[in-house]
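Colleague: Sharing a structure, written as structure tokens. Questions coming.
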Amino acid sequence: MSLYGGAILGLARDTLGVFDRVLNPLLLLGVRLWLAMIFLNHGLDTAMAAPERMFGVDPQVTIEIVAAVLLALGLITRLAAVPIAFLSLIVYFGDRDVTGHVLCALLALALTVHGPGPISLDALLGRGVGRAALPFAQWPDRIIRAFQAVTQPVLQLLLRVWMAGLFWMTGEALINAGDTRWIDYGSLASEAWLAPFTGSTALMGLQLVAAVMLAVGFGTRLAALVLALLTVSVMTGPSGLPEHLLWALILGHLLFAGPGPLSIDRLIDGWLQRNFPEYTGKPAFSLENCPHVVIVGAGFGGLAAARALAKTRVRVTVIDRHNYHLFQPLLYQVATASLSPADIAVPIRGTLREQFNTRVLFGKVTGIDTAAKQVLIGEDRIAYDHLILATGARHAYFGRDDWEPLAPGLKKIDDATHVRQRILLAFERAESVEDPAERARLLTFIVVGAGPTGVELAGAIAELAKQGMEKDFRSIDPASARVILVQAGPRVLPMFPERLSATAQASLEDLGVEVRLNGRVTEMDADGVAIGDERIPSGTILWAAGVRASRAAKWLGCGADRAGRVIVGPDLTVPGHPDIFVVGDTAAMTTPDGQPVPGLAPAAKQSGLYAAKVISARVAGRPDPGPFQYRHMGSLATIGRDSAVADFGWLKLSGQPAWWLWGVVHVLFLLGTRNRLSVMLSWIWSYLSYRRSTRLITGPVEEAEAPRTMPAAAE
């Protein structure tokens with residue numbers, strides 16, 4: 001099969017996978033909630049109309065209410081769905097139009113067979129219960145599997161034939177010049193049900209064709225989609241009825257869950273799996289003799305490049321000294337006890353596990369042999385055909401590296417947990433100190449550098465001190481803590497417009513942060529800092545004033561700027577080494593008009609994607625995509641609760657709108673559904689309760705205390 005044919009089959013497989021993993025769980029949740037609402041309302045209405053039937057006197061009312069609640073929660077869902085189906089078919093038969101009851105029964109049967117889906121208590125508890133050290137704990141799972149194997153084919157066939165019959169009868173009657181004769185299934189037909197489907201003959205013909213396809217199971221998902229669109233158009237029209245929602249739910253189930261084994265689609269699917277391995281997600285090409293792409297660093301740039309090469313005919317090796325990808329923009333929230341490290345980090349192997357052409361190596365790169373085209377990991381050597389360096393950056397102390405143990409920065413999880421330890425220990429030690437001067441020193445926090453990290457860090461420390469710990473201590477008032485933000489330049493957030501910088505400074509001052517502009521730190525020791533001629537005692541000093549690139553330029557022996565970033569060409573390659581790309585914070589990139597590209601996550605992602613595009617083009621024999629062009633997506637910085645600034649060039653926001661936008665953007669850019677949900681829940685809890693959920697002091701306490709003697713100054 002051609003490369004394009006394989007890509008089409010792979011796209012079809014990925015689309016069906018999205019249906020199964022994302023949309024079908026949402027639909028099952030909707031079905032459960034809808035059925036629960038119907039029967040809970042009916043049970044409560046019956047009980048309210050006849051109070052003597054409450055409190056278990058009437059089994060029907062009790063069953064309706066209990067089953068509805070269990071169904072909504074997704075707890076023992078299969079057992080709860082059985083009485084719902086029974087009541088729909090037996091108790092209510094003839095009570096109203098039989099169609100609605102049959103459809104409710106079919107939906108309840110679908111829940112009985114397929115289960116409640118991942119968004120349920122059953123899914124949350126089932127795995128642990130099934131593996132519990134209890135007698136017969138594994139039996140329910142075995143019984144359910146056997147039950148599904150027998151009933152699922154029959155149920156899917158029943159759903160298809162029933163819905164096909166409904167649409168065939170409505171379409172046939174309308175084509176026959178409005179003849180509304182039906183096969184007599186009680187009160188199945190009515191003018192109200194037929195009227196919404198009036199329209200062109202072509203549309204009615206499409207309805208009939210889709211009904212036939214649904215019945216035989218050929219192109220089932222397409223047919224279900226067409227009929228679902230027709231039903232939704234009816235629901236939103238003047239002739240829509242509540243029963244139409246049941247139609248839509250069943251069609252949605254067929255669309256997402258598929259036709260079942262008793263269908264032509266299943267025969268076609270089996271033939272495709274046997275003849276086209278890429279349809280099943282297996283390799284669409286052999287990795288033998290493929291070019292080898294080595295990516296050093298799994299940050300934003302490296303991971304973006306690796307994922308972009310998933311469909312390219314290359315072997316990819318990702319090397320990182322950590323086994324996780326870190327979302328650095330939220331690292332300060334780990335440092336200030338808002339989030340756990342696991343909330344902003346995901347395993348690299350888990351992220352790339354679906355890419356058959358990619359492997360991950362855990363190790364520290366010590367050099368690059370450009371002549372032999374090898375990456376050095378200690379004594380090991382990894383040969384490459386194309387190399388992408390995405391090794392990021394570390395803190396820059398402007399020639400005073402002796403300050404690093406005194407004023408840690410934030411670039412790694414270890415940095416964040418160390419900073420969190422120092423901040424929390426400052427309050428703990430202040431609680432046990434009697435000397436007012438020493439207590440004031442311990443409760444003074446100095447943040448050096450007023451870029452986004454410094455502003456966010458200072459605001460978060462001020463909020464931590466003033467909100468959430470007011471009743472935790474007896475000898476000190478945490479709100480008396482002093483937070484000082486030192487900036488060498490004339491304003492905070494210098495990369496933002498002046499108006500937004502002024503807004504950010506005002507917000508910081510409202511939180512109680514002392515902003516020192518045009519202030520340069522000249523000396524530092526364990527007891528405080530000197531800003532110009534002023535000495536400020538402090539027990540906790542944090543650094544956010546600058547960064548320096550990794551050792552990539554020294555490995556390559558190439559030109560670098562003052563921050564140590566590799567000077568690259570327009571295609572992000574190293575001059576004289578067209579097979580070596582440098583991306584993200586490691587590269588000194590410029591825009592087409594000569595402006596430096598900012599060290600932001602979007603810039604790293606764009607450069608990583610661009611390097612992957614160039615490699616893909618070269619492997620496929622296509623022309624290069626032209627020089628790298630950075631597209632600025634905007635800048636965001638949060639100051640504190642309900643306060644942030646956002647600059648998109650054409651749109652500038654501050655206050656609550658920018659704060660909400662900041663939160664949404666950061667959640668969306670996180671990797672992993674679990675991380676997104678965890679961060680959202682943590683933020684909601686903190687917002688509503690004014691409490692930080694991860695105020696844990698971990699690691700050896702001795703390491704958190706800065707040395708009390710000044711190290712020898714660097715020469």
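Going by the structure tokens order, chains are called A, B, ..., each with residues numbered from 1, while ligands are numbered from 1 in the order shown.
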Excluding Asp571 in chain A and its own-chain neighbours fewer than 6 positions away, which residues fall within 10 Å of it when counting only C-alpha atoms? Please give them as a PDB file with N, CA and C atoms, in the first residue's frame.

Modeller:
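Saved as part-v7.pdb:
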ATOM      1  N   PRO A 578      24.797  20.536   9.020  1.00  0.00           N
ATOM      2  CA  PRO A 578      23.392  20.573   8.599  1.00  0.00           C
ATOM      3  C   PRO A 578      22.549  19.447   9.186  1.00  0.00           C
ATOM      4  N   PHE A 581      20.336  19.997  14.697  1.00  0.00           N
ATOM      5  CA  PHE A 581      19.369  21.055  14.972  1.00  0.00           C
ATOM      6  C   PHE A 581      19.420  21.394  16.458  1.00  0.00           C
ATOM      7  N   VAL A 582      19.281  22.665  16.766  1.00  0.00           N
ATOM      8  CA  VAL A 582      19.220  23.112  18.160  1.00  0.00           C
ATOM      9  C   VAL A 582      17.935  23.909  18.325  1.00  0.00           C
ATOM     10  N   MET A 589      17.727  31.878  18.728  1.00  0.00           N
ATOM     11  CA  MET A 589      16.904  32.016  17.525  1.00  0.00           C
ATOM     12  C   MET A 589      16.458  33.469  17.360  1.00  0.00           C
ATOM     13  N   SER A 607       9.790  25.493  17.523  1.00  0.00           N
ATOM     14  CA  SER A 607      11.107  25.153  16.967  1.00  0.00           C
ATOM     15  C   SER A 607      11.277  23.639  16.869  1.00  0.00           C
ATOM     16  N   TYR A 610       9.311  22.514  13.904  1.00  0.00           N
ATOM     17  CA  TYR A 610       9.983  22.919  12.665  1.00  0.00           C
ATOM     18  C   TYR A 610      11.140  21.966  12.341  1.00  0.00           C
ATOM     19  N   ALA A 611      11.962  21.627  13.337  1.00  0.00           N
ATOM     20  CA  ALA A 611      13.066  20.698  13.093  1.00  0.00           C
ATOM     21  C   ALA A 611      12.546  19.357  12.584  1.00  0.00           C
ATOM     22  N   VAL A 614      11.605  19.694   8.903  1.00  0.00           N
ATOM     23  CA  VAL A 614      12.775  19.703   8.017  1.00  0.00           C
ATOM     24  C   VAL A 614      13.297  18.281   7.818  1.00  0.00           C
ATOM     25  N   ASP A 624      13.037  21.676   1.692  1.00  0.00           N
ATOM     26  CA  ASP A 624      12.882  22.141   3.069  1.00  0.00           C
ATOM     27  C   ASP A 624      11.747  23.160   3.152  1.00  0.00           C
ATOM     28  N   PRO A 625      11.085  23.271   4.318  1.00  0.00           N
ATOM     29  CA  PRO A 625       9.936  24.183   4.433  1.00  0.00           C
ATOM     30  C   PRO A 625      10.297  25.658   4.510  1.00  0.00           C
ATOM     31  N   GLY A 626      11.561  26.014   4.276  1.00  0.00           N
ATOM     32  CA  GLY A 626      11.951  27.416   4.363  1.00  0.00           C
ATOM     33  C   GLY A 626      12.458  27.742   5.752  1.00  0.00           C
ATOM     34  N   PRO A 627      12.891  28.990   5.983  1.00  0.00           N
ATOM     35  CA  PRO A 627      13.452  29.356   7.289  1.00  0.00           C
ATOM     36  C   PRO A 627      12.406  29.303   8.397  1.00  0.00           C
ATOM     37  N   PHE A 628      12.892  29.115   9.606  1.00  0.00           N
ATOM     38  CA  PHE A 628      12.006  29.063  10.769  1.00  0.00           C
ATOM     39  C   PHE A 628      11.389  30.436  11.008  1.00  0.00           C
ATOM     40  N   GLN A 629      10.085  30.445  11.227  1.00  0.00           N
ATOM     41  CA  GLN A 629       9.376  31.682  11.523  1.00  0.00           C
ATOM     42  C   GLN A 629       8.586  31.496  12.814  1.00  0.00           C
TER      43      GLN A 629
END

Colleague: When you look at range 466-470 of chain A with a cut-off of 8 Å (counting only C-alpha atoms), what residues show up, excluding the ones that are within fewer than 4 positions of it in the same chain? I need them as a ChimeraX atom specification.

Modeller: /A:462,477-480,689-692

Colleague: Among range 448-603 of chain A, which ones does DSSP assign to alpha helix (DSSP H) (computed from the backbone)? Answer as an MDAnalysis selection string.

Modeller: chainID A and resid 452:466 498:510 552:556 601:603

Colleague: CA of Leu389 in chain A to CA of Val296 in chain A: how many Å, to one decimal?

Modeller: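 The value is 5.0 Å.
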
Colleague: Please measure the separation of CA of Val483 in chain A and CA of Gly512 in chain A, giving the value in Å to one decimal.

Modeller: 7.3 Å

Colleague: Between CA of Ala612 in chain A and CA of Ala308 in chain A, measure the distance and give it in Å to one decimal.

Modeller: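 Result for CA of Ala612 in chain A versus CA of Ala308 in chain A: 6.1 Å, one decimal.
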
Colleague: Restricting the calculation to only C-alpha atoms: of A:Val529, A:Leu222, A:Ala108, A:Ala644, which residue gets closest to Trp34 in chain A?

Modeller: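 Ranking A:Val529, A:Leu222, A:Ala108, A:Ala644 by distance to Trp34 in chain A, first place goes to A:Ala108.
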
Colleague: Kindly indicate which residue among A:Leu361, A:Ala337, A:Leu159, A:Leu500 lies nearest to Gly649 in chain A, using only C-alpha atoms for the distances.

Modeller: A:Leu500

Colleague: Determine, counting only C-alpha atoms, which protein, DNA and RNA residues have an atom within 10 Å of an atom of Gly640 in chain A; residues of the same chain fewer than 6 positions away are not included. Present the result as an mmCIF file with C-alpha atoms, in the first residue's frame.

Modeller:
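Listed below is the output, around.cif:
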data_model
loop_
_atom_site.group_PDB
_atom_site.id
_atom_site.type_symbol
_atom_site.label_atom_id
_atom_site.label_comp_id
_atom_site.auth_asym_id
_atom_site.auth_seq_id
_atom_site.Cartn_x
_atom_site.Cartn_y
_atom_site.Cartn_z
ATOM 1 C CA VAL A 455 6.288 37.915 39.695
ATOM 2 C CA GLU A 456 4.325 34.680 39.971
ATOM 3 C CA LEU A 457 6.569 33.364 42.728
ATOM 4 C CA ALA A 458 6.389 36.553 44.798
ATOM 5 C CA GLY A 459 2.606 36.751 44.441
ATOM 6 C CA ALA A 460 2.181 33.087 45.397
ATOM 7 C CA ILE A 461 4.355 33.444 48.529
ATOM 8 C CA ALA A 462 2.376 36.522 49.603
ATOM 9 C CA GLU A 463 -0.898 34.646 49.136
ATOM 10 C CA ALA A 504 0.987 43.851 37.548
ATOM 11 C CA SER A 507 -1.598 43.953 41.932
ATOM 12 C CA LEU A 508 1.597 42.801 43.646
ATOM 13 C CA ASP A 510 -2.153 45.044 46.788
ATOM 14 C CA LEU A 511 -1.011 41.597 47.926
ATOM 15 C CA GLY A 655 -7.601 41.284 36.157
ATOM 16 C CA TRP A 659 -6.673 35.219 35.247
#

Colleague: Quick one: of A:Ser643, A:Asn357, A:Ser263, A:Thr694, who's nearest to Thr336 in chain A, counting only C-alpha atoms?

Modeller: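 Answer, going by the shortest atom-to-atom distance: A:Thr694.
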
Colleague: Would you list the contacts of Ile295 in chain A as a ChimeraX atom specification, taking every protein, DNA or RNA residue within 9 Å and counting only C-alpha atoms, but skipping same-chain residues closer than 4 positions in sequence?

Modeller: /A:302-303,305-306,316-320,386-390

Colleague: Using only C-alpha atoms, which of A:Val294, A:Ala345, A:Leu111, A:Val154 sits nearest Leu670 in chain A?

Modeller: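 Once distances to Leu670 in chain A are computed over only C-alpha atoms, the minimum belongs to A:Ala345.
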
Colleague: For Asp642 in chain A, which residue out of A:Ala560, A:Leu245, A:Val667, A:Leu661 is the nearest one, using only C-alpha atoms?

Modeller: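 Comparing A:Ala560, A:Leu245, A:Val667, A:Leu661 against Asp642 in chain A, the winner is A:Leu661.
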
Colleague: Pick from A:Ala383, A:Leu653, A:Ala407, A:Ala248: nearest to Pro291 in chain A, with only C-alpha atoms counted?

Modeller: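 Smallest distance to Pro291 in chain A is found for A:Ala383.
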
Colleague: Might you pull out every residue within 7 Å of Ala223 in chain A, with only C-alpha atoms counted and same-chain residues fewer than 3 positions away left off, and present them as a list of chain:residue names?

Modeller: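 With the cut-off at 7 Å, the set is A:Ala210, A:Met213, A:Leu214, A:Gly219, A:Thr220, A:Val226, A:Leu227.
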
Colleague: Given the selection you just returned, output its residues as a file containing N, CA and C atoms, formatted as a tab-separated table (two decimals), in the first residue's frame.

Modeller:
chain	number	residue	atom	x	y	z
A	210	ALA	N	-29.88	5.15	4.46
A	210	ALA	CA	-29.20	5.04	5.75
A	210	ALA	C	-29.85	3.98	6.62
A	213	MET	N	-28.64	0.59	5.37
A	213	MET	CA	-27.24	0.40	5.78
A	213	MET	C	-27.16	0.05	7.26
A	214	LEU	N	-27.99	0.71	8.07
A	214	LEU	CA	-27.99	0.44	9.50
A	214	LEU	C	-28.44	-0.99	9.78
A	219	GLY	N	-21.35	0.25	6.68
A	219	GLY	CA	-21.17	1.69	6.88
A	219	GLY	C	-22.02	2.18	8.05
A	220	THR	N	-22.01	1.38	9.12
A	220	THR	CA	-22.94	1.64	10.23
A	220	THR	C	-22.72	3.00	10.86
A	226	VAL	N	-25.66	10.08	9.88
A	226	VAL	CA	-26.66	10.75	9.05
A	226	VAL	C	-28.01	10.79	9.76
A	227	LEU	N	-28.44	9.66	10.30
A	227	LEU	CA	-29.73	9.61	10.97
A	227	LEU	C	-29.72	10.42	12.26

Colleague: Determine which residues of range 536-659 of chain A receive a DSSP assignment of strand (DSSP E or B), computed from the backbone, and state them as a PyMOL selection string.

Modeller: chain A and resi 536-537+540-543+547-549+560+566-567+573-574+577-582+587-588+590+596+635-640+643-647+652-654
